[in-house]
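Enquirer: Questions regarding the structure given below will be posed in turn.
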Amino acid sequence: MASSSQKGVVITIPVLVLSVSAAAIFLFFLLSSLSSSPCTCPPSIPDSTFTTTAAVVTGGTVVEEVVDRKISVSRDDIEWVKDQIRANGLHMQDNVLRKGINPRTRAQQLEDLNNFKGISHYEGSEANNHTALPCPGELLVEEHHSNYGEPWAGGRDVFEFLAESSRLTANSRVLEIGCGTLRVGLHFIRYLKPEHFHCLERDELSLMAAFRYELPSQGLLHKRPLIVRGEDMDYAKFGSDVMYDLIYASAVFLHMPDKLVWVGLERLVSRLKPYDGRIFVSHNIKFCSRLGGDECTKRLGSLGLEYLGKHTHDSLLFNHYEIWFEFRRSKA
């Protein structure tokens with residue numbers, strides 16, 4: 001029986017070296033081409049931090065600059081301010097009038113303004129008293145800050161929750177239904193680019209407080225918010241080509257007939273960006289739940305809206321939480 005012979009492939013040392021060298025050269029050019037190509041992946045952004053284009057006033061001119069803007073306070077922020085209070089040995093004292101130039105309650109301030117104007121003031125008619133934008137005394141003493149049944153500071157809480165939940169940037173567009181005296185709106189106006197905040201408000205006194213006190217005193221006149229007096233959910237004055245990233249109503253639908261709320265939603269759907277845009281409604285959605293679960297969902301679906309869920313958001317400064325209901329446009 002003949003013996004079988006083993007067969008194999010013989011690779012010489014020079015050939016092996018040449019092969020390895022060729023592979024190394026190929027790998028070098030591959031890595032070089034990858035490193036020179038721009039990454040199409042979105043950057044990793046920490047929670048609650050947004051890279052935005054902010055409008056900044058420089059020498060009277062509004063210019064834009066890219067900034068990393070954090071909306072809500074962090075745990076480190078809270079610890080920092082607590083440390084400052086401890087370091088200065090501060091303790092809350094009884095809320096009594098302090099010594100000062102002329103300490104007054106709001107009521108006393110208003111009486112003084114009406115009777116004596118300012119401590120130092122010009123005599124003569126209003127037209128000649130050097131006041132560019134005369135403001136009523138009731139607004140100057142901020143009586144309208146007590147119109148909400150809760151602290152004025154709660155407006156910041158609402159802004160933080162809505163802005164972060166909607167992933168807003170300075171370039172986003174926001175519509176508030178019933179912005180009142182701008183307790184919440186001021187924060188959006190400051191954050192957004194000029195003309196990107198819109199509001200429909202029916203109350204004349206609230207609008208006077210917004211235009212004659214809040215916007216000028218906060219240095220926000222250059223932001224040119226579009227605030228329209230109107231009711232019956234009529235949005236014609238906002239134009240037909242504006243698409244909003246966020247539409248919200250804080251405690252407004254509570255005071256409207258269900259039928260009018262549905263009319264408003266029908267008019268708003270086409271103005272909300274599909275899929276990414278959000279509608280938030282506070283407190284409750286009885287206009288929908290009164291129809292019954294299935295009928296509510298069906299009615300929303302007929303408008304092209306989808307209910308996404310219920311949220312709560314805690315206040316930073318006082319024992320309070322807000323309830324919000326979230327919707328999105330489910331059809332392009």
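Ordered as shown in the structure tokens, chains take letters A, B, and onward, while each chain numbers its residues from 1 and ligands are numbered from 1 in the order shown.
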If you count only C-alpha atoms, which residues fall within 9 Å of range 273-285 of chain A, apart from same-chain ones fewer than 5 positions away, as a list of chain:residue names?
Expert: A:Leu162, A:Ser165, A:Ser166, A:Met243, A:Tyr244, A:Asp245, A:Leu246, A:Ile247, A:Tyr248, A:Ala249, A:Ser250, A:Ala251, A:Val252, A:Phe253, A:Leu254, A:Arg290, A:Glu322, A:Ile323, A:Trp324, A:Phe325, A:Glu326, A:Phe327, A:Arg328, A:Arg329, A:Ser330, A:Lys331, A:Ala332
Enquirer: Using DSSP assignments from the backbone, pull out every residue in range 101-288 of chain A that falls under helix (DSSP H, G or I) and give it to me as a PyMOL selection string.
Expert: chain A and resi 106-116+126-128+137-140+143-146+154-165+185-191+204-217+221-223+236-238+253-255+258-269+286-288
Enquirer: Given only C-alpha atoms as the basis, pick out the residue of A:Gly292, A:Ser74, A:Arg267, A:Tyr321 nearest to Gly304 in chain A.
Expert: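 Ranking A:Gly292, A:Ser74, A:Arg267, A:Tyr321 by distance to Gly304 in chain A, first place goes to A:Arg267.
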